[in-house]
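Asker: My questions will all concern the structure given below.
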Protein chains: 12
Amino acid sequence: MAQITGPLSDDAGKIVGEALQGALVDLIDLSLVAKQAHWNVVGPHFRPLHLQLDELVDIAREHADTVAERAVALGVNPDGRAASVASASKLAQPDRAWIEDGKVVALFTDLLEGVIARMRERIAATGEPDPVTQDLLIAVAQDVEKQHWMFQAQR
Amino acid sequence: MAQITGPLSDDAGKIVGEALQGALVDLIDLSLVAKQAHWNVVGPHFRPLHLQLDELVDIAREHADTVAERAVALGVNPDGRAASVASASKLAQPDRAWIEDGKVVALFTDLLEGVIARMRERIAATGEPDPVTQDLLIAVAQDVEKQHWMFQAQR
Amino acid sequence: MAQITGPLSDDAGKIVGEALQGALVDLIDLSLVAKQAHWNVVGPHFRPLHLQLDELVDIAREHADTVAERAVALGVNPDGRAASVASASKLAQPDRAWIEDGKVVALFTDLLEGVIARMRERIAATGEPDPVTQDLLIAVAQDVEKQHWMFQAQR
Amino acid sequence: MAQITGPLSDDAGKIVGEALQGALVDLIDLSLVAKQAHWNVVGPHFRPLHLQLDELVDIAREHADTVAERAVALGVNPDGRAASVASASKLAQPDRAWIEDGKVVALFTDLLEGVIARMRERIAATGEPDPVTQDLLIAVAQDVEKQHWMFQAQR
Amino acid sequence: MAQITGPLSDDAGKIVGEALQGALVDLIDLSLVAKQAHWNVVGPHFRPLHLQLDELVDIAREHADTVAERAVALGVNPDGRAASVASASKLAQPDRAWIEDGKVVALFTDLLEGVIARMRERIAATGEPDPVTQDLLIAVAQDVEKQHWMFQAQR
Amino acid sequence: MAQITGPLSDDAGKIVGEALQGALVDLIDLSLVAKQAHWNVVGPHFRPLHLQLDELVDIAREHADTVAERAVALGVNPDGRAASVASASKLAQPDRAWIEDGKVVALFTDLLEGVIARMRERIAATGEPDPVTQDLLIAVAQDVEKQHWMFQAQR
Amino acid sequence: MAQITGPLSDDAGKIVGEALQGALVDLIDLSLVAKQAHWNVVGPHFRPLHLQLDELVDIAREHADTVAERAVALGVNPDGRAASVASASKLAQPDRAWIEDGKVVALFTDLLEGVIARMRERIAATGEPDPVTQDLLIAVAQDVEKQHWMFQAQR
Amino acid sequence: MAQITGPLSDDAGKIVGEALQGALVDLIDLSLVAKQAHWNVVGPHFRPLHLQLDELVDIAREHADTVAERAVALGVNPDGRAASVASASKLAQPDRAWIEDGKVVALFTDLLEGVIARMRERIAATGEPDPVTQDLLIAVAQDVEKQHWMFQAQR
Amino acid sequence: MAQITGPLSDDAGKIVGEALQGALVDLIDLSLVAKQAHWNVVGPHFRPLHLQLDELVDIAREHADTVAERAVALGVNPDGRAASVASASKLAQPDRAWIEDGKVVALFTDLLEGVIARMRERIAATGEPDPVTQDLLIAVAQDVEKQHWMFQAQR
Amino acid sequence: MAQITGPLSDDAGKIVGEALQGALVDLIDLSLVAKQAHWNVVGPHFRPLHLQLDELVDIAREHADTVAERAVALGVNPDGRAASVASASKLAQPDRAWIEDGKVVALFTDLLEGVIARMRERIAATGEPDPVTQDLLIAVAQDVEKQHWMFQAQR
Amino acid sequence: MAQITGPLSDDAGKIVGEALQGALVDLIDLSLVAKQAHWNVVGPHFRPLHLQLDELVDIAREHADTVAERAVALGVNPDGRAASVASASKLAQPDRAWIEDGKVVALFTDLLEGVIARMRERIAATGEPDPVTQDLLIAVAQDVEKQHWMFQAQR
Amino acid sequence: MAQITGPLSDDAGKIVGEALQGALVDLIDLSLVAKQAHWNVVGPHFRPLHLQLDELVDIAREHADTVAERAVALGVNPDGRAASVASASKLAQPDRAWIEDGKVVALFTDLLEGVIARMRERIAATGEPDPVTQDLLIAVAQDVEKQHWMFQAQR
C-alpha cells in the first residue's frame, strides 16, 4: 500500500503533524458549534447572527480542508472523525436548546479567543521546522482573529 | 426568550423531531467520515475517489442543513455537536490510517446501505404526522441511494 | 377559442382548483404585504428586516407563479387581480403608516401562522385527487414554515 | 418612533407624494394584470405574448419598488396594499377567463395608453417641486411607452 | 462483476422497475420527436415553436437521465437503446416531411396527453412500493402537464 | 405550405443530403448508446468512464443538431426518429445488462472507429458539392477522433 | 508609416481582397437593413421577428468584423464607410415606413438568397489563393444559410 | 396595418422626431467610422486606439438602438439605411487607407466635437415637447462628451 | 501639452465646474468617513451597520468617479487630493475611537442631510448652464436621499 | 461600550499598531493620488496610464481595507480620515492641473519607491511581535513592488 | 501497452505527423518567447505590449494543445519537451536582457512571419492526406496572421 | 533605456535572483513535462491522470509567471527561453513515446520530490535577504507538495 512521505525529518514532522492535527480539531469543532448556533439562535438580532455564523462555518470548513491536506502532504494522517473531535476539542459546547443572541456573541467571543491562543502557539512552534505550514496557520489566524473582532464588536 | 412553535401537535412533533434528529446525525457523520476518507485514501483509484468523496460531503452537508432547519421550523432543537454525533452515530468508523481505494469503496457501500435503511424508516414514520418532512427525507433518500449505486458500481 | 383541459375528473379538478386559487390569493397578498412592510418599517432592526422582507417577497412571488401555472395546466383559470385578492385574502393588513420593527416581526409571525394552517389544509385536501398539486403545495409549506421560524426567532 | 423626513417643503412634498402614490398604484396593478394575462392568454400567439407579459411584469415591479422607496425617502408612506390598489386603480380589468391573444394585445395597448397619460401628468407636476422624482418618472415613462409601441406593433 | 442492489424487495423492485422503464421510453422518445419537429416545423409561427420544442427536449432529456439513474440505483438496468425505444414507444410519429406549425401544436397536444396518462398510472403504482420513485415521477408529471397546457394554449 | 430551398443543385443536394442523414443517424445513436453505457457501466473505473461517456453524449448531441439544421438549410428533411435511427444505425448495440468498464472501453473504441470511417467517406463525398457541409463534417470528425484516442488510451 | 503586408502574392491578394471587401459590404448592409426592419416591423408576429432580426444583426456584425480584420491581415484596407456600403451594396432596401411582418419575412428570404449566392462565389474564388479566407467565408455561409432557412420556414 | 401612435401632439412629435432621426444618423455613422478606424489605424499607439475605438462603436450602437426605438415609440419611422446615413451624415470621412494613430486621435476629436454640438441643440429643442426624449439625449451627450475628452487627452 | 476643452461657455463652465468640484469633495469625504465608521463601529447592531457602510462607500466612490470625469470632460481639473478634501469638506468628522452603533446612525443621518442640501443647490445651479451635469447630480441626489432614509429609519 | 481586544501584549500591540496605521495612510493616499492622476493625465499614452492607474487604485483600496481591519482585530483604532491622511502622508502631491503622461510615470515611480521603503521597514518591525501582520504587509509589498516595476518599465 | 491508432494510412500519417510536430514546436516556442518578452519589455509602450504578449501566449498555448492532441488522435507521439523545442525551433531568440518596446514589435513581426510561412506549407501539405488536420492548421494560421498584422500595425 | 531597480542591496539581489531563476526553470519545465505526459499517457487510469496533469500544468504556469515577475520587480531579468530551460533543468525527461499510467505516477512522484527539495533550499536562502520572495516560494512549495502527495497516493 502506498505510503505518503513528505520533505520533513522525523522530528520536524512530529512537531508539525501535532500542530496540524490540533488545528484540524479546532476548526472542525468550530464549524460544528457555529452550525449549532446558526440553527438555535433566537432574539432580535437573529438574522445578522444567523448569517454571520454561516460565514464562520465556511471559513472553518475551508481552513480545515487545507490544514488536513497539508498534514497528508507531510505524510501524517489527519483525524477528523466525530469521536476524535469530540474528545480532543477544547471548545465550550452550548446546551441543546435555544440560545439567546447576546449569549451567542459572548460564547463565540470566548471560543475564538481560545482558538486564537492555540493557533498562535502552533505558529510559533512550526516556523522553524516547516515555514510552509506556518504560513498556512498564519492565514488561519488572520481570519479567526478578524472573526473574533466582529463578535466582540457586537457585544 | 423566543420559543419557536410549529404547526404540529405534540405527538406528531415528537415523532417527526426524532426522525429529523436521527437524519441529522447520519448526515453530519457521513460528511465527517467522507472527509476523513477524502484525505486518507490511497491507491491507483485515488483521484476519482478523492473527488467523489467531496461530492458526497457536499450532498451530506446540504441535506444536514435543510434537515436541521426543518427541525427548528417545527420548534425542535437540532443537535449537531461533535459529542452528540459521536455517541449517536451508527456509521462504522475507519481507523486513523491510510485507507486503500478498494476498502474505501467497500466501506461507503456498507455505510450508505445503513443510512438508506434508516432514512426509509423515517420516510415511513413521518408521512402521516408531517408530509412536509417526509418530502424532504425522500429527497435525502434519492441522493443517498444514487451515491450508494455509484460506490457499488466501482467495486 | 382554445380550452385548456387537464387530466383530472371534474370532481377532483374542482377540489384542486379551489386549493390552488386559495394558495394563490395567500401568496400574492403575502408578497404585497411584505413589500408594504419592506418600505414602511422603522426601528433599530430596520436593515435586517428590510432585507428579509424582500426575500419573503421573492419566495411568495415564485410560488404564486408556480401555483397559478399549475391551475392553468389543470384547466382552471387562476385569479390574481387586485380586487379578487383584496376581497378573498385573510391576511391582516397593516395601516398606511410607519411600522416599528418589533411590530413587523409580530405581524409576520401571525400572518405566516395563518398561511401555514391554510396550506396544510390544502395539502390534506389535494393528496388524493392530485398528488402533483399536493407535492407543489408541500414545497410552499416548507418555505413558508421556514420563514415563520425566522420571524419567530427574532421576537 | 423614527420619523422619516425628506428635503422638500410641505407643499412640494404633498404634490410629489401624490404623484408617487399614483404611479405606485398604476405600476402594481400593471404587474398584477400582466400576470393575470400571462396565465390566462390563449391563441396561436400564446408563447411570444406569454413571454412578453413576463417582461412587462418585471419592468412594472422594478419601477414600483423604486417609486415606493422614493416616496419613503421623502417621508411619505407608500401604500401598496391589495385593497388600496384595487380601489384606486384606473386600469381596466380582464374577466376571470381565458383571454384570446388578440384581445390581450388590445387590452394592453389600451391599459398602457392610460398609464402613459397619467405618468406624463406626473412628470409635468413634479418637475418644479422635485426634479429627482421627475427624473425617476421619466425613466418609468420611457419603459412604459416602449412597451406601448410593442403591443401596438403586433395588432 | 459488480451487482447493483437497491433497498426494495423483489416484488416492489419489479413494479417500480417497470414504471421507470416505461417512463424512460416515453421521455427519450419525446426528446427525439420534439427534435424532429424542431427541425421540420414550418409556418408563420415557426420561431416560437422552434424555441419551445427545444425547451421540451431539454426537459425530456433531464428527466430521462434522472429516471434511468433511479432505476440503476434500484438495481434495475434501464434500456434506452434506439431499437428498444422504437419498439416500446406509444408516441405517434410524424412523417419525414415538413410539418405545419398548427399540426405541430396538435401533434404535441395529443402526444403529451398520452404521456401524462401513463405517468399518472406510474405515480399511482409506485406510491406504495417506493415513495422516492413516486416523488420523482410527480416532478416529471408537473413539467409535462405544464408543457401540455402551453401547447393547448396556442391552438 | 412553406418549402425550404437551399443553394445547391439537385444532384449536389442529393449527395450532401445523404451524407448529412447518415451523419445524423450515427450521432443520435452514438448519444443513445453512450447514455446506455453511462448508466450501466460497472467496475473499478466506473467514475471516470461514467463522466467521459456524458461528455461524449454532449458532443454527439451538439453535432447532431448542427448536422440536422444544415440538412434543413439545404431543403432536406432530416430524420431523427427512433425507428429510423434503429433501422439505419450501424453501431453495435450493448445488451440490456451491466457492462464491465473494460468492455465499455472496447465497445466504444470499436464503435467510434466505425463512425470515423463513415465520417471520412462523407467528408470526401461532400467537398466538391458543398464545402460548407464538408467543413461541418470535418469538425465532427475532429471531435470523434479525439474521443477515439481517449478510449483507446485507457485500454 | 507602417505598411501591413500579408503572406499572399499580389495576384492572390487581389482576388482575396475583393472577395473580402464584397463580403464586408454584404454583411454591414445586412446589419443595417436588419436593424431597420427590427425597428419598423409591425403585425401579429412582431415579437418573434423583432428578436430574430436582432440575432441576425449580431451575426452580421460579428462576421463583418472578422472579414474586415482578415483583409487587414492580408494588407488590404477594408472599406466599411456608409457611402461605400450604400453605393456598393446589392441588397434591396425597404422604404422608410412600417413594414408588415409577412413582408419582412419575404424581404429577408430574398435578401439572404442574394447574399448566399455571392458568398458561394467568393468561397469558390478564394479556395486556391487563400484557404484561410475561404474557411472564414464558409463559416459566414453556414450562418447565413441557416438564417435563410429560418426566414423561409415562417412564410 | 398597425399604426404606432405616441403620446405627443403633431407639432411636438415633428420636432422630437427630427431630433431623434438626426441623432440616429450621427450615431450610426459614428459606429461605422469608428469601425473603419479600428481596422485601418497604424502606428505605435495602435493597440490602445484599436481597443478604444471598439468601445466607441459599442457606445454608438447602443445609443443608436435606444434612439431609434424611442422614435418608434412616438410613432415616427427611424431611418438607419446606409444610403440615408451616407447622405445625411455630417461626419468627416477618412480615406480608404491606413490612418496613422495621431491622425485618428485628431479625426475623432473633431468628429465628436461636431456630434456634441448637434446633440446639445437637440437637447435644447426637445426639453419642452418631450422630456423623456430629452433625458435620453442627455445620456447620449454624457457618453459622447466623455469620449471627446479621452481623445483630446491623448493628443 | 493637451488642453481639454468642453462645450460650455466660460461663464457656464465656471458655475458647473464649481458645482462638480463641490460634489466631488462631498463624495470623497463621504467615502472616507463611511470607511472610518465601517472599521470603528461597535455595538449590538455592528454587523448590519458594518455592511451598510460599505454599501455607502461603494455608492460614494462610484459617483465621485463620474463627477470627476464629468469635470474633466468640461475641461475643468477635478481636485481629489487628501489635503484639498480635508480643507474643503463640510462633513463632521468622528473622533479616532470606537463609535457606538447608535451614534453611527445619528452621525450619518446628519452628514447625509448636509450632503443632500448641497447637492440640491448644485442641481438648481446647473440646470440652465449644463443639463448634462444636472442630470448626473440628480442621480447622486437620488442615491444619497435613499441612504438618508435608511439611516433615519433605524434610529 | 464594547472594547476590542486582541491577542498581543501592550508592547507588541503598540509596534504593530503603528506599522498598520502607517501602512493605512500610505495606501489611502496612494488611492487618492492615483485617482487624481487617473483624471488629470494627458498625452499620447493617456489610455494605458488611465487604465493602469485604476488598477493601482483597486490594489490600494483593497489592501487599505485589510490593513485597517487587521488593526481593529488587534484592538487598535485605524484612522483613515481625510485630515489625518493629509497631515501624515509622505507622498508627493501633484498640482491641480493637467499632468503629462511622462510626468505621471515619473511621479508614481518615485511615490512607489517611498511606499516600498516604508513597507519594508514595517515588515522588519512586525515579524517578531506579530507574524500575522507581517504576512499581510508582505502581501502589500509584493503588489506595490510589482506596480513599481511596471511604472519604471514605461519610462 | 495500449497503442493508439488513427484512421490514416502510414504514408498519410507520416506527412501529417511531421506537419503537426513542426506546428507544435513553433507554437510552444512562440509561447515561451512571448512570455520572455512579456517579462523583459521596457519603454513607453510597455503596458499595451505587456498585455498583447499575454494574449499571444494564450493563443499559442491553446493551439499547441489542440495540435498535440490531434497528433495523438492519429497515433503519433507529440514531442513538446524543452530540449526538443530548443533544438528544433526556428524562432529567433532574444537575449537575456531588457528589450525595448520597439524591438519587441520588430522581433515579433519577424518571428510571426516565419511561423506563418511554415504554417502555410503545412496547410498545403496536409490538405490531401488529412483535411481534418488541415482545417485545424488553417485556424492556427488565421490567429497567427491576425497577430502578425497587429504587431506590424504598431511599428 | 529603462533600467528596472528593486529595493534590495546587490548581495541580497544576487541571492534572491538566483533563487527565482532556479524556481522559474523548475516550473517552466514542470509545465512542459506535464503537458508531454498529458498527451502521451496510456493505460486504464488514462482519464484521471490526463486531467490531473493539466491541473499541474496550470499550477506550474501560474507560479512561473509570478516568480518571473517577482524577478523583474527586483531588477533581475528572468530567463524562460527553451534552450535555457533545457540546459538548466534538473527534471528527468520521459522518452518520446507512449507512457503507461503507472510510470507517469512514478515519474511525477520523483520529479516533484526534486522540485520540492530545491524549493525548500530556496525558501531557506531567501528568508533573510527578501521575505517577500520567500513568501512567494512558500506558496509554490505548498502547491507542489500537495501535488506530490496526490501522485504518491495513487501508486
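Residues are referred to by chain and number: the chain letter is A, B, ... according to the order shown in the C-alpha cells, the number counts from 1 in that chain, and ligands are numbered separately from 1 in the order shown.
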Quick check for you: according to DSSP on this backbone, which residues of chain B are classed as strand (DSSP E or B)? Reply as a list in words.

Answerer: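 Taking chain B and keeping strand (DSSP E or B) only, one gets Val41, Val42, Ile99 and Glu100 of chain B.
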
Asker: Select all residues from chain B having any atom no more than 12 Å from an atom of chain E (counting only C-alpha atoms, ignoring ligands), output as a ChimeraX atom specification.

Answerer: /B:105-106,109-110,112-121,123-124,127,131,134-155

Asker: Atom CA of F:Gly17 to atom CA of E:Gln36: how many Å, to one decimal?

Answerer: 15.8 Å

Asker: Just list the residues in stretch 69-142 of chain C DSSP gives helix (DSSP H, G or I) on the backbone, as an MDAnalysis selection string.

Answerer: chainID C and resid 69:73 82:88 101:126 131:142

Asker: If I take atom CA of K:Ile28 and atom CA of K:Arg47, how far is one from the other in Å, to one decimal?

Answerer: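 About the pair atom CA of K:Ile28 and atom CA of K:Arg47: they are 23.5 Å apart.
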
Asker: Residues at most 9 Å from H:Ala12, counting only C-alpha atoms, excluding those fewer than 6 positions away in the same chain, as a list in words?

Answerer: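 Within the cut-off, the hits are Thr126, Glu128, Pro129 and Asp130 of chain H.
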
Asker: Using only all heavy atoms, please write the residues we just selected to a file, as a compact mmCIF listing (two decimals), in the first residue's frame.

Answerer:
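This is the output file again.txt:
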```txt
# COMPACT_ATOMS: atom_id res chain seq x y z
N THR H 126 -35.74 69.57 -27.48
CA THR H 126 -36.72 68.57 -27.06
C THR H 126 -37.21 68.71 -25.62
O THR H 126 -38.17 68.04 -25.23
CB THR H 126 -36.12 67.14 -27.21
OG1 THR H 126 -34.86 67.11 -26.51
CG2 THR H 126 -35.90 66.78 -28.67
N GLU H 128 -38.89 70.90 -23.98
CA GLU H 128 -40.29 71.30 -23.79
C GLU H 128 -41.24 70.27 -24.39
O GLU H 128 -42.11 69.74 -23.67
CB GLU H 128 -40.50 72.70 -24.40
CG GLU H 128 -41.70 73.43 -23.83
CD GLU H 128 -42.94 73.06 -24.63
OE1 GLU H 128 -42.81 72.97 -25.87
OE2 GLU H 128 -44.00 72.84 -24.03
N PRO H 129 -41.08 69.90 -25.67
CA PRO H 129 -42.07 68.97 -26.23
C PRO H 129 -42.01 67.56 -25.65
O PRO H 129 -43.05 66.90 -25.57
CB PRO H 129 -41.72 68.95 -27.73
CG PRO H 129 -40.32 69.47 -27.83
CD PRO H 129 -40.14 70.41 -26.69
N ASP H 130 -40.86 67.08 -25.25
CA ASP H 130 -40.82 65.71 -24.73
C ASP H 130 -39.63 65.48 -23.79
O ASP H 130 -38.54 65.08 -24.22
CB ASP H 130 -40.74 64.70 -25.88
CG ASP H 130 -40.86 63.26 -25.36
OD1 ASP H 130 -41.37 63.07 -24.24
OD2 ASP H 130 -40.43 62.33 -26.07
```

Asker: Can you tell me how far atom CA of D:Phe108 sits from atom CA of G:Phe46, in Å to one decimal?

Answerer: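 One can read the atom CA of D:Phe108 to atom CA of G:Phe46 distance as 15.0 Å.
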
Asker: Write out as a list in words which residues come within 8 Å of E:Ala82 when counting only C-alpha atoms, dropping same-chain ones fewer than 3 positions away.

Answerer: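 Returned residues: Val85 and Ala86 of chain E; Asp29, Leu32, Ala82, Ala83, Val85 and Ala86 of chain F.
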
Asker: Next, the residues of the selection above should be written as a PDB file, in the first residue's frame with N, CA and C atoms.

Answerer:
```pdb
ATOM      1  N   VAL E  85     -36.492   1.736 -27.691  1.00  0.00           N
ATOM      2  CA  VAL E  85     -37.396   2.878 -27.674  1.00  0.00           C
ATOM      3  C   VAL E  85     -38.372   2.781 -28.837  1.00  0.00           C
ATOM      4  N   ALA E  86     -37.839   2.473 -30.026  1.00  0.00           N
ATOM      5  CA  ALA E  86     -38.698   2.417 -31.217  1.00  0.00           C
ATOM      6  C   ALA E  86     -39.805   1.377 -31.062  1.00  0.00           C
TER       7      ALA E  86
ATOM      8  N   ASP F  29     -27.490   7.903 -32.599  1.00  0.00           N
ATOM      9  CA  ASP F  29     -27.330   6.599 -31.964  1.00  0.00           C
ATOM     10  C   ASP F  29     -26.113   6.592 -31.034  1.00  0.00           C
ATOM     11  N   LEU F  32     -27.315   7.843 -27.830  1.00  0.00           N
ATOM     12  CA  LEU F  32     -28.161   6.891 -27.098  1.00  0.00           C
ATOM     13  C   LEU F  32     -27.335   5.752 -26.502  1.00  0.00           C
ATOM     14  N   ALA F  82     -36.850   7.557 -33.641  1.00  0.00           N
ATOM     15  CA  ALA F  82     -36.264   6.358 -33.043  1.00  0.00           C
ATOM     16  C   ALA F  82     -36.215   5.192 -34.017  1.00  0.00           C
ATOM     17  N   ALA F  83     -37.312   4.961 -34.735  1.00  0.00           N
ATOM     18  CA  ALA F  83     -37.363   3.798 -35.628  1.00  0.00           C
ATOM     19  C   ALA F  83     -36.359   3.969 -36.770  1.00  0.00           C
ATOM     20  N   VAL F  85     -33.592   5.696 -36.715  1.00  0.00           N
ATOM     21  CA  VAL F  85     -32.254   5.518 -36.169  1.00  0.00           C
ATOM     22  C   VAL F  85     -31.985   4.032 -35.932  1.00  0.00           C
ATOM     23  N   ALA F  86     -32.972   3.351 -35.334  1.00  0.00           N
ATOM     24  CA  ALA F  86     -32.785   1.932 -35.009  1.00  0.00           C
ATOM     25  C   ALA F  86     -32.516   1.109 -36.254  1.00  0.00           C
TER      26      ALA F  86
END
```

Asker: Neighbours of A:Val33 within 8 Å (only C-alpha atoms; same-chain residues fewer than 4 positions away dropped), as a list in words?

Answerer: Asp29, Ala37, Gln93 and Pro94 of chain A; Gly80 and Arg81 of chain B

Asker: Could those selected residues go to a file with C-alpha atoms, as a PDB file, in the first residue's frame?

Answerer:
```pdb
ATOM      1  CA  ASP A  29     -15.388  21.696  16.020  1.00  0.00           C
ATOM      2  CA  ALA A  37     -25.701  28.193  16.975  1.00  0.00           C
ATOM      3  CA  GLN A  93     -20.189  23.406  23.997  1.00  0.00           C
ATOM      4  CA  PRO A  94     -23.626  25.087  24.099  1.00  0.00           C
TER       5      PRO A  94
ATOM      6  CA  GLY B  80     -25.236  18.674  15.686  1.00  0.00           C
ATOM      7  CA  ARG B  81     -22.473  18.879  18.281  1.00  0.00           C
TER       8      ARG B  81
END
```

Asker: Excluding same-chain residues fewer than 3 positions from E:Val57, what lies within 6 Å of it counting only C-alpha atoms, as a list in words?

Answerer: Ser31, Asp54 and Ala60 of chain E

Asker: Pick from B:Leu53, B:Glu62, B:Pro78, B:Val41: nearest to B:Leu24, with only C-alpha atoms counted?

Answerer: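 Among the listed residues, the smallest separation from B:Leu24 belongs to B:Pro78.
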